[in-house]
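> To be precise about what I am sending: the file is called upload.txt and holds compact mmCIF, C-alpha atoms.
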```txt
# COMPACT_ATOMS: atom_id res chain seq x y z
CA MET M 1382 40.69 -49.46 8.87
CA THR M 1383 41.85 -51.05 12.14
CA PRO M 1384 40.91 -54.75 12.29
CA HIS M 1385 38.66 -55.79 15.16
CA LEU M 1386 41.19 -58.50 16.00
CA LEU M 1387 44.84 -58.49 14.96
CA ILE M 1388 47.29 -61.27 15.76
CA ASP M 1389 50.85 -60.41 14.70
CA GLN M 1390 53.70 -62.96 14.69
CA ALA M 1391 52.34 -64.76 17.76
CA VAL M 1392 54.49 -67.47 19.35
CA VAL M 1393 53.17 -69.86 22.03
CA THR M 1394 55.26 -72.62 23.56
CA TYR M 1395 54.58 -75.51 25.92
CA GLY M 1396 58.00 -76.29 27.28
CA ALA M 1397 60.18 -77.12 24.29
CA VAL M 1398 57.16 -77.53 22.00
CA ARG M 1399 56.26 -74.54 19.84
CA ALA M 1400 52.46 -74.63 19.39
CA LEU M 1401 52.23 -71.33 17.48
CA ASN M 1402 55.13 -70.30 15.28
CA GLN M 1403 54.91 -66.60 14.40
CA ILE M 1404 51.29 -66.87 13.34
CA SER M 1405 49.45 -63.81 12.03
CA ILE M 1406 45.72 -63.49 11.40
CA HIS M 1407 43.12 -60.74 11.47
CA ALA M 1408 39.35 -60.39 11.57
CA ALA M 1409 37.25 -57.37 10.67
CA LYS M 1410 34.34 -56.34 12.85
CA GLY M 1411 31.35 -58.58 12.13
CA GLU M 1412 33.43 -61.05 10.10
CA THR M 1413 33.29 -64.83 10.59
CA VAL M 1414 36.71 -66.40 10.16
CA ALA M 1415 37.33 -70.15 10.18
CA LEU M 1416 40.55 -71.78 11.35
CA ILE M 1417 40.99 -75.11 9.59
CA GLY M 1418 43.72 -77.66 10.15
CA PRO M 1419 44.59 -81.12 11.47
CA ASN M 1420 44.70 -82.05 15.15
CA GLY M 1421 47.71 -80.49 16.83
CA ALA M 1422 48.01 -77.68 14.30
CA GLY M 1423 47.75 -75.00 17.00
CA LYS M 1424 44.17 -73.84 16.42
CA SER M 1425 43.00 -74.31 20.02
CA SER M 1426 46.23 -72.80 21.33
CA LEU M 1427 45.53 -69.69 19.29
CA LEU M 1428 42.06 -69.31 20.81
CA LEU M 1429 43.43 -69.91 24.32
CA ALA M 1430 46.10 -67.28 23.75
CA ILE M 1431 43.53 -64.73 22.57
CA ALA M 1432 41.42 -65.51 25.66
CA GLY M 1433 44.48 -65.00 27.87
CA VAL M 1434 44.55 -68.57 29.17
CA VAL M 1435 48.03 -69.26 27.78
CA PRO M 1436 50.70 -66.55 27.45
CA LEU M 1437 52.46 -65.35 24.34
CA ARG M 1438 56.19 -65.93 24.23
CA SER M 1439 56.44 -63.19 21.62
CA GLY M 1440 54.30 -61.32 19.13
CA ALA M 1441 51.26 -59.12 19.67
CA MET M 1442 47.49 -59.34 19.98
CA ARG M 1443 45.21 -56.34 19.63
CA LEU M 1444 41.48 -55.86 19.93
CA ASP M 1445 40.24 -52.69 18.21
CA GLY M 1446 43.82 -51.47 18.31
CA ARG M 1447 44.19 -52.11 22.05
CA ASP M 1448 47.15 -54.25 23.09
CA LEU M 1449 45.94 -57.30 25.03
CA ALA M 1450 49.32 -57.85 26.71
CA GLY M 1451 48.93 -58.11 30.48
CA GLN M 1452 45.16 -58.51 30.34
CA GLU M 1453 43.96 -61.47 32.43
CA PRO M 1454 41.23 -63.77 31.07
CA GLU M 1455 38.47 -62.13 33.10
CA GLN M 1456 39.61 -58.71 31.90
CA ARG M 1457 39.44 -59.89 28.30
CA VAL M 1458 35.87 -61.05 28.90
CA GLY M 1459 35.17 -57.50 30.05
CA LEU M 1460 36.70 -56.22 26.81
CA GLY M 1461 34.26 -58.34 24.81
CA ILE M 1462 36.11 -61.63 24.20
CA SER M 1463 34.29 -64.90 24.90
CA LEU M 1464 35.58 -68.43 24.31
CA VAL M 1465 33.52 -71.61 24.04
CA PRO M 1466 36.14 -74.34 24.53
CA GLU M 1467 36.02 -77.75 22.90
CA THR M 1468 35.37 -79.26 26.36
CA ARG M 1469 32.20 -77.09 26.84
CA ASP M 1470 32.75 -77.03 30.63
CA VAL M 1471 29.24 -76.26 31.85
CA PHE M 1472 28.58 -76.14 35.60
CA LYS M 1473 26.97 -79.55 35.87
CA LYS M 1474 25.46 -79.15 39.33
CA LEU M 1475 23.73 -75.90 38.41
CA SER M 1476 20.61 -75.49 36.32
CA THR M 1477 20.59 -74.38 32.72
CA HIS M 1478 19.27 -70.99 33.80
CA GLU M 1479 21.87 -70.58 36.53
CA ASN M 1480 24.62 -71.36 34.03
CA LEU M 1481 23.35 -68.57 31.79
CA LEU M 1482 23.23 -66.07 34.64
CA ILE M 1483 26.86 -66.83 35.50
CA GLY M 1484 27.76 -65.79 31.96
CA ALA M 1485 26.61 -62.26 32.74
CA SER M 1486 28.57 -61.97 36.01
CA ARG M 1487 31.14 -59.56 34.55
CA ARG M 1488 28.47 -57.11 33.38
CA ARG M 1489 26.97 -54.40 35.56
CA LEU M 1490 23.33 -54.82 34.65
CA SER M 1491 20.04 -54.88 36.47
CA ARG M 1492 18.42 -58.26 37.04
CA ALA M 1493 15.72 -57.28 34.54
CA GLN M 1494 18.36 -56.64 31.85
CA ILE M 1495 20.10 -59.93 32.57
CA LEU M 1496 16.82 -61.85 32.38
CA ALA M 1497 16.03 -60.12 29.09
CA ASP M 1498 19.40 -61.29 27.75
CA ALA M 1499 18.64 -64.83 28.94
CA ASP M 1500 15.34 -64.67 27.05
CA ARG M 1501 17.27 -63.83 23.88
CA ILE M 1502 19.42 -66.92 24.41
CA TYR M 1503 16.29 -69.02 24.86
CA ALA M 1504 14.96 -67.61 21.59
CA LEU M 1505 18.23 -68.55 19.88
CA PHE M 1506 18.17 -72.05 21.42
CA PRO M 1507 14.55 -73.02 22.17
CA ARG M 1508 15.73 -76.37 23.53
CA LEU M 1509 17.41 -74.53 26.42
CA ALA M 1510 14.12 -72.85 27.28
CA GLU M 1511 12.56 -76.29 27.61
CA ARG M 1512 15.45 -77.36 29.85
CA HIS M 1513 15.87 -74.12 31.83
CA ALA M 1514 15.29 -75.77 35.24
CA HIS M 1515 17.27 -78.97 34.51
CA MET M 1516 20.70 -79.50 36.00
CA ALA M 1517 23.30 -79.00 33.29
CA GLY M 1518 24.93 -82.34 34.04
CA PHE M 1519 21.79 -84.12 32.84
CA LEU M 1520 21.64 -82.33 29.50
CA SER M 1521 22.63 -84.13 26.32
CA GLY M 1522 25.95 -83.31 24.68
CA GLY M 1523 24.18 -81.13 22.12
CA GLU M 1524 22.23 -79.28 24.79
CA GLN M 1525 25.43 -78.70 26.76
CA GLN M 1526 27.03 -77.25 23.63
CA MET M 1527 24.09 -74.89 23.18
CA LEU M 1528 24.37 -73.94 26.86
CA ALA M 1529 28.10 -73.28 26.60
CA ILE M 1530 27.50 -70.98 23.62
CA GLY M 1531 24.58 -69.31 25.36
CA ARG M 1532 26.58 -68.70 28.53
CA ALA M 1533 29.39 -67.12 26.46
CA LEU M 1534 26.85 -64.88 24.73
CA MET M 1535 25.54 -63.66 28.08
CA ALA M 1536 28.80 -61.70 28.37
CA CYS M 1537 27.69 -59.79 25.25
CA PRO M 1538 30.94 -60.39 23.36
CA GLY M 1539 32.04 -58.49 20.32
CA LEU M 1540 34.35 -61.43 19.57
CA LEU M 1541 33.01 -64.96 20.00
CA MET M 1542 35.47 -67.85 19.67
CA LEU M 1543 34.11 -71.36 19.10
CA ASP M 1544 36.36 -74.40 19.36
CA GLU M 1545 34.97 -77.41 17.46
CA PRO M 1546 31.27 -76.60 18.07
CA SER M 1547 30.05 -79.63 16.08
CA LEU M 1548 32.37 -82.18 17.70
CA GLY M 1549 30.47 -85.32 18.70
CA LEU M 1550 27.05 -83.90 17.88
CA ALA M 1551 24.26 -85.58 15.94
CA PRO M 1552 23.59 -83.98 12.54
CA VAL M 1553 20.27 -82.46 13.64
CA VAL M 1554 21.97 -80.80 16.63
CA THR M 1555 24.84 -79.59 14.46
CA ASP M 1556 22.22 -78.00 12.19
CA ALA M 1557 20.77 -76.12 15.17
CA VAL M 1558 24.17 -74.95 16.38
CA TYR M 1559 25.18 -73.71 12.93
CA ALA M 1560 21.84 -71.98 12.45
CA ALA M 1561 22.63 -70.06 15.64
CA ILE M 1562 26.14 -69.24 14.41
CA ALA M 1563 24.68 -67.89 11.16
CA ALA M 1564 22.20 -65.77 13.13
CA LEU M 1565 24.99 -64.35 15.30
CA ARG M 1566 27.03 -63.56 12.19
CA ASP M 1567 24.06 -61.73 10.71
CA GLN M 1568 23.71 -59.73 13.94
CA GLY M 1569 27.26 -58.44 13.54
CA THR M 1570 29.20 -60.58 16.02
CA THR M 1571 32.81 -61.22 15.06
CA ILE M 1572 33.37 -64.99 15.15
CA LEU M 1573 36.52 -67.11 15.16
CA LEU M 1574 35.53 -70.68 14.36
CA VAL M 1575 37.80 -73.68 14.82
CA GLU M 1576 36.32 -76.65 13.00
CA GLN M 1577 37.36 -80.00 11.55
CA ASN M 1578 34.19 -80.07 9.44
CA ALA M 1579 35.39 -77.72 6.73
CA ALA M 1580 32.13 -77.87 4.76
CA ARG M 1581 30.18 -76.71 7.82
CA ALA M 1582 32.64 -73.96 8.60
CA PHE M 1583 32.62 -72.76 5.00
CA SER M 1584 28.82 -72.52 5.05
CA VAL M 1585 28.99 -69.61 7.51
CA CYS M 1586 32.47 -68.10 7.24
CA ASP M 1587 33.63 -65.10 5.23
CA ARG M 1588 37.25 -66.23 5.09
CA ALA M 1589 39.36 -69.13 6.33
CA TYR M 1590 42.93 -69.66 7.45
CA LEU M 1591 44.50 -73.06 6.83
CA ILE M 1592 46.86 -73.83 9.72
CA GLN M 1593 49.55 -76.47 9.97
CA ALA M 1594 52.30 -76.86 12.58
CA GLY M 1595 51.44 -73.54 14.20
CA GLN M 1596 51.67 -71.53 10.99
CA VAL M 1597 49.24 -70.15 8.42
CA ILE M 1598 49.68 -72.15 5.21
CA GLU M 1599 47.03 -70.37 3.18
CA GLU M 1600 44.22 -67.82 3.60
CA GLY M 1601 41.26 -66.89 1.47
CA ARG M 1602 37.56 -67.26 0.78
CA ALA M 1603 36.02 -70.71 1.05
CA GLU M 1604 35.28 -71.08 -2.65
CA ALA M 1605 38.84 -70.30 -3.67
CA LEU M 1606 40.39 -72.63 -1.11
CA SER M 1607 38.03 -75.43 -2.13
CA ALA M 1608 38.70 -74.96 -5.83
CA ARG M 1609 42.45 -75.27 -5.27
CA GLY M 1610 42.12 -78.41 -3.14
CA SER M 1611 43.91 -76.60 -0.34
CA VAL M 1612 41.73 -77.93 2.49
CA GLU M 1613 42.28 -81.57 1.59
CA THR M 1614 46.01 -80.99 1.25
CA VAL M 1615 46.26 -79.51 4.75
CA LEU M 1616 43.94 -82.01 6.45
CA PHE M 1617 44.91 -85.18 4.65
CA GLY M 1618 48.21 -84.47 2.93
CA TYR M 1619 47.03 -84.88 -0.66
CA ALA M 1620 44.64 -82.95 -2.84
CA ASP M 1621 42.10 -85.59 -3.87
CA ALA M 1622 41.27 -87.02 -0.45
CA GLY M 1623 38.05 -86.04 1.27
CA LYS M 1624 36.74 -84.00 -1.63
CA GLU M 1625 33.21 -84.63 -0.40
CA MET M 1626 33.96 -82.19 2.42
CA THR M 1627 33.62 -79.23 0.10
CA GLN M 1628 30.84 -80.49 -2.12
```
Just give me the structure as structure tokens.


Amino acid sequence: MTPHLLIDQAVVTYGAVRALNQISIHAAKGETVALIGPNGAGKSSLLLAIAGVVPLRSGAMRLDGRDLAGQEPEQRVGLGISLVPETRDVFKKLSTHENLLIGASRRRLSRAQILADADRIYALFPRLAERHAHMAGFLSGGEQQMLAIGRALMACPGLLMLDEPSLGLAPVVTDAVYAAIAALRDQGTTILLVEQNAARAFSVCDRAYLIQAGQVIEEGRAEALSARGSVETVLFGYADAGKEMTQ
């Protein structure tokens, strides 16, 4: 069976720095895959390359067997790829509702269909419904994260990429964000999840790739990686550190 997403021997460089070094991963349709690794491992660069924001120096990327080479970022959105970056990047001078509508700008839908999609986002994140008329710049960090995810979902992606969705959030907000991720997984959305909080990522993912220095060090199901101490080794450099992450 053709994977929904296939990355084969991808290389990304920034000048003389090689951010991705012949990295290969795949995700089946409807699968949630976590990318775990220390800062600077290349996880965000991989998501940016899939979104078309940074170019590949070599290697290949395919979505449902279709080569993504030459596809601009907006074209990839049209193909069903949405990225929620670590920076969130909401339109701060626009309302919550206006931000959501912008997310549907690449889709040829009636206004009634777009508003129905927005209602589904409000059901997923009730806090956004309460804040629908508020300017995005006045939302809390957690609300902006929900809005960034909601705006990405308005494009109706088959592949949703989330870069550090729990970064800087209070535990109760992280709970809400991960409840939404679990709901999206159950609805059949393919998800690539970059996360420092391995325990959180493992609570929703089917498989995980451990990434270091732009390369896949290990891949497998969460339970197996945890049992071998692989996560702690990659994140901290030794197997006994941070064991509470996987408990």

> For the interface of range 1545-1623 of chain M with range 1503-1516 of chain M (cut-off 12 Å, counting all atoms listed in the file), please tabulate each contacting residue of range 1545-1623 of chain M alongside its nearest pair of atoms and their separation in Å to one decimal, rows sorted by chain and increasing number, as CSV.


```
residue,atom,partner,partner_atom,distance
M:Val1554,CA,M:Arg1508,CA,10.3
M:Asp1556,CA,M:Phe1506,CA,11.7
M:Ala1557,CA,M:Phe1506,CA,7.9
M:Val1558,CA,M:Phe1506,CA,8.4
M:Tyr1559,CA,M:Leu1505,CA,11.1
M:Ala1560,CA,M:Leu1505,CA,8.9
M:Ala1561,CA,M:Leu1505,CA,6.3
M:Ile1562,CA,M:Leu1505,CA,9.6
M:Ala1563,CA,M:Leu1505,CA,10.9
M:Ala1564,CA,M:Leu1505,CA,8.3
M:Leu1565,CA,M:Leu1505,CA,9.2
M:Gln1568,CA,M:Leu1505,CA,12.0
```

> Residues within 9 Å of range 1481-1495 of chain M, please, as a list in words. Count all atoms listed in the file; anything in the same chain fewer than 6 positions from it doesn't count.

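Residues meeting the cut-off are Glu1455, Gln1456, Val1458, Gly1459, Ile1502, Leu1528, Ala1529, Gly1531, Arg1532, Ala1533, Leu1534, Met1535, Ala1536 and Cys1537 of chain M.
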
> M:Ala1409, M:Ile1404, M:Leu1541, M:Met1527: which is nearest Ala1422 in chain M, counting only C-alpha atoms?

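Among the listed residues, the smallest separation from Ala1422 in chain M belongs to M:Ile1404.
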
> Write out as a VMD selection string the residues lying within 8 Å of range 1392-1399 of chain M, counting only C-alpha atoms and excluding same-chain residues fewer than 6 positions away.

chain M and resid 1426 1430 1435 to 1440 1595

> Point out the residue among M:Pro1546, M:Thr1570, M:Leu1475, M:Leu1460 with the least atom-to-atom distance to Gly1518 in chain M, counting only C-alpha atoms.

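The answer is M:Leu1475, which sits nearest to Gly1518 in chain M.
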
> Measure the distance from CA of Gly1549 in chain M to CA of Ala1580 in chain M in Å and round it to one decimal.

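Between CA of Gly1549 in chain M and CA of Ala1580 in chain M the gap is 15.9 Å.
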
> Between M:Glu1545, M:Gln1452, M:Ile1388, M:Met1442, which has the minimum distance to Val1465 in chain M (counting only C-alpha atoms)?

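Of the candidates, the smallest distance to Val1465 in chain M is held by M:Glu1545.
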
> Would you list the residues near (35.8, -71.0, 0.3) (no more than 12 Å away, in the coordinates of the file, using only C-alpha atoms) as a PyMOL selection string?

chain M and resi 1414-1415+1417+1579-1591+1599-1612+1626-1628

> In Å, rounded to a single decimal, give me how far CA of Met1542 in chain M is from CA of Glu1412 in chain M.

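Taking CA of Glu1412 in chain M and CA of Met1542 in chain M, their separation equals 11.9 Å.
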
> Could you give me, as a PDB file with C-alpha atoms, keeping the file's coordinate frame, the residues within 8 Å of Ser1405 in chain M, counting only C-alpha atoms and dropping anything in the same chain fewer than 2 positions from it?


```pdb
ATOM      1  CA  LEU M1387      44.840 -58.490  14.960  1.00  0.00           C
ATOM      2  CA  ILE M1388      47.290 -61.270  15.760  1.00  0.00           C
ATOM      3  CA  ASP M1389      50.850 -60.410  14.700  1.00  0.00           C
ATOM      4  CA  GLN M1390      53.700 -62.960  14.690  1.00  0.00           C
ATOM      5  CA  ALA M1391      52.340 -64.760  17.760  1.00  0.00           C
ATOM      6  CA  GLN M1403      54.910 -66.600  14.400  1.00  0.00           C
ATOM      7  CA  HIS M1407      43.120 -60.740  11.470  1.00  0.00           C
ATOM      8  CA  VAL M1597      49.240 -70.150   8.420  1.00  0.00           C
TER       9      VAL M1597
END
```
